[in-house]
Amino acid sequence: MTQPWLTIALLFAAGWLAFGLRVLHLALRERRGVRLLGVRGTRTEGEVVRGPRREGPTLHPAQIRYQAGPTAQTYRRAPLNADLHLLRVGFHVVVRYDPEDPRRVVVVRTQKSFSPTANLMGGAALCVFGVGLVVWALV
């Protein structure tokens with residue numbers, strides 16, 4: 001092979017493109033989790049007070065504590081998208097709740113993750129970088 005750099009550049013570009021597509025897939029999955037609420041919701045902060053646990057054949061999701069509603073009542077509920085986030089006891093979370101029914105809540109992000117929109121933009125940038133690398137290598 002007379003141009004080994006071309007093969008290396010194309011493999012490198014394929015890796016970046018694959019990584020960008022994976023990040024995009026995860027970001028879209030997180031955004032679908034936020035859409036489970038059905039309304040835009042009101043944003044607030046909370047804390048994970050009980051981690052996920054198994055009691056026999058039953059799996060109980062994690063519970064978060066947050067203040068919601070006009071009277072700032074404290075709720076302790078399992079989020080609708082608890083399976084999409086790593087929720088450990090003590091983690092601070094950003095949540096959205098339904099103003100009509102403050103007991104319905106979804107996790108937007110945790111202290112160990114970025115928002116779904118930031119992940120979506122990052123994944124798109126990685127894909128553009130991978131495609132740009134392919135174009136650069138072939139030109």
# chains A, B, ... in the order shown; residues from 1 in each chain; ligands from 1
$ residues_around --residues "Val131 (chain A)" --least-positions-apart "6" --cutoff "9 Å" --atoms "only C-alpha atoms" --output "PyMOL selection string"
chain A and resi 13-14+16-17
$ write_last_selection --atoms "all heavy atoms" --output "short mmCIF file (atom, residue, chain, number, x, y, z; two decimals), in the first residue's frame"
data_model
loop_
_atom_site.label_atom_id
_atom_site.label_comp_id
_atom_site.auth_asym_id
_atom_site.auth_seq_id
_atom_site.Cartn_x
_atom_site.Cartn_y
_atom_site.Cartn_z
N ALA A 13 -11.47 8.21 11.21
CA ALA A 13 -12.74 8.89 10.91
C ALA A 13 -13.92 7.98 11.19
O ALA A 13 -14.95 8.41 11.73
CB ALA A 13 -12.75 9.35 9.46
N ALA A 14 -13.81 6.71 10.84
CA ALA A 14 -14.90 5.76 11.11
C ALA A 14 -15.12 5.62 12.61
O ALA A 14 -16.26 5.52 13.07
CB ALA A 14 -14.58 4.40 10.48
N TRP A 16 -14.52 7.97 14.96
CA TRP A 16 -15.19 9.18 15.44
C TRP A 16 -16.66 9.20 15.02
O TRP A 16 -17.52 9.61 15.80
CB TRP A 16 -14.48 10.42 14.92
CG TRP A 16 -13.28 10.77 15.72
CD1 TRP A 16 -11.99 10.66 15.34
CD2 TRP A 16 -13.26 11.26 17.06
NE1 TRP A 16 -11.16 11.05 16.36
CE2 TRP A 16 -11.91 11.42 17.43
CE3 TRP A 16 -14.25 11.56 17.99
CZ2 TRP A 16 -11.53 11.88 18.67
CZ3 TRP A 16 -13.86 12.03 19.24
CH2 TRP A 16 -12.52 12.18 19.57
N LEU A 17 -16.94 8.78 13.80
CA LEU A 17 -18.32 8.75 13.33
C LEU A 17 -19.15 7.75 14.13
O LEU A 17 -20.27 8.05 14.55
CB LEU A 17 -18.36 8.41 11.84
CG LEU A 17 -19.74 8.45 11.18
CD1 LEU A 17 -20.33 9.83 11.28
CD2 LEU A 17 -19.63 8.02 9.74
#
$ residues_around --residues "region 95-110 of chain A" --least-positions-apart "5" --cutoff "12 Å" --atoms "only C-alpha atoms" --output "number ranges by chain"
A: 27, 29-48, 62-90, 115-119
$ select_by_dssp --residues "region 56-138 of chain A" --states "alpha helix (DSSP H)" --output "PyMOL selection string"
chain A and resi 116-138
$ write_last_selection --atoms "N, CA and C atoms" --output "compact mmCIF listing (two decimals), in the first residue's frame"
# COMPACT_ATOMS: atom_id res chain seq x y z
N PRO A 116 -29.72 16.33 27.98
CA PRO A 116 -29.90 15.66 26.69
C PRO A 116 -29.58 16.56 25.50
N THR A 117 -29.84 17.86 25.61
CA THR A 117 -29.55 18.77 24.51
C THR A 117 -28.05 18.92 24.30
N ALA A 118 -27.29 19.00 25.39
CA ALA A 118 -25.83 19.09 25.27
C ALA A 118 -25.26 17.81 24.66
N ASN A 119 -25.79 16.66 25.07
CA ASN A 119 -25.34 15.40 24.49
C ASN A 119 -25.69 15.33 23.00
N LEU A 120 -26.85 15.84 22.62
CA LEU A 120 -27.26 15.84 21.22
C LEU A 120 -26.32 16.71 20.38
N MET A 121 -25.97 17.88 20.88
CA MET A 121 -25.05 18.75 20.14
C MET A 121 -23.65 18.15 20.09
N GLY A 122 -23.22 17.53 21.16
CA GLY A 122 -21.90 16.89 21.16
C GLY A 122 -21.83 15.73 20.18
N GLY A 123 -22.86 14.91 20.13
CA GLY A 123 -22.90 13.79 19.18
C GLY A 123 -22.91 14.27 17.74
N ALA A 124 -23.67 15.33 17.48
CA ALA A 124 -23.69 15.88 16.12
C ALA A 124 -22.33 16.44 15.74
N ALA A 125 -21.65 17.09 16.67
CA ALA A 125 -20.31 17.62 16.38
C ALA A 125 -19.33 16.49 16.10
N LEU A 126 -19.41 15.40 16.84
CA LEU A 126 -18.52 14.26 16.59
C LEU A 126 -18.78 13.64 15.22
N CYS A 127 -20.05 13.55 14.82
CA CYS A 127 -20.38 13.01 13.49
C CYS A 127 -19.85 13.92 12.39
N VAL A 128 -20.01 15.23 12.56
CA VAL A 128 -19.50 16.18 11.56
C VAL A 128 -17.98 16.08 11.49
N PHE A 129 -17.31 15.93 12.64
CA PHE A 129 -15.86 15.78 12.64
C PHE A 129 -15.43 14.53 11.89
N GLY A 130 -16.14 13.42 12.12
CA GLY A 130 -15.82 12.18 11.42
C GLY A 130 -16.00 12.29 9.92
N VAL A 131 -17.10 12.90 9.49
CA VAL A 131 -17.35 13.08 8.06
C VAL A 131 -16.33 14.05 7.47
N GLY A 132 -16.02 15.11 8.19
CA GLY A 132 -15.01 16.06 7.73
C GLY A 132 -13.64 15.42 7.58
N LEU A 133 -13.31 14.51 8.47
CA LEU A 133 -12.04 13.79 8.37
C LEU A 133 -12.00 12.90 7.15
N VAL A 134 -13.13 12.26 6.82
CA VAL A 134 -13.20 11.45 5.61
C VAL A 134 -13.00 12.32 4.38
N VAL A 135 -13.68 13.46 4.33
CA VAL A 135 -13.56 14.37 3.18
C VAL A 135 -12.12 14.85 3.06
N TRP A 136 -11.50 15.22 4.17
CA TRP A 136 -10.10 15.69 4.16
C TRP A 136 -9.15 14.59 3.66
N ALA A 137 -9.40 13.36 4.10
CA ALA A 137 -8.51 12.26 3.70
C ALA A 137 -8.65 11.92 2.22
N LEU A 138 -9.83 12.06 1.67
CA LEU A 138 -10.05 11.69 0.28
C LEU A 138 -9.72 12.80 -0.70
$ closest_residue --among "A:Phe19, A:Trp5, A:Leu26, A:Gln111" --to "Val94 (chain A)" --atoms "only C-alpha atoms"
A:Gln111
$ atom_distance --atom1 "CA of Gly15 (chain A)" --atom2 "CA of Leu28 (chain A)"
20.0 Å
$ atom_distance --atom1 "CA of Leu10 (chain A)" --atom2 "CA of Arg22 (chain A)"
18.2 Å
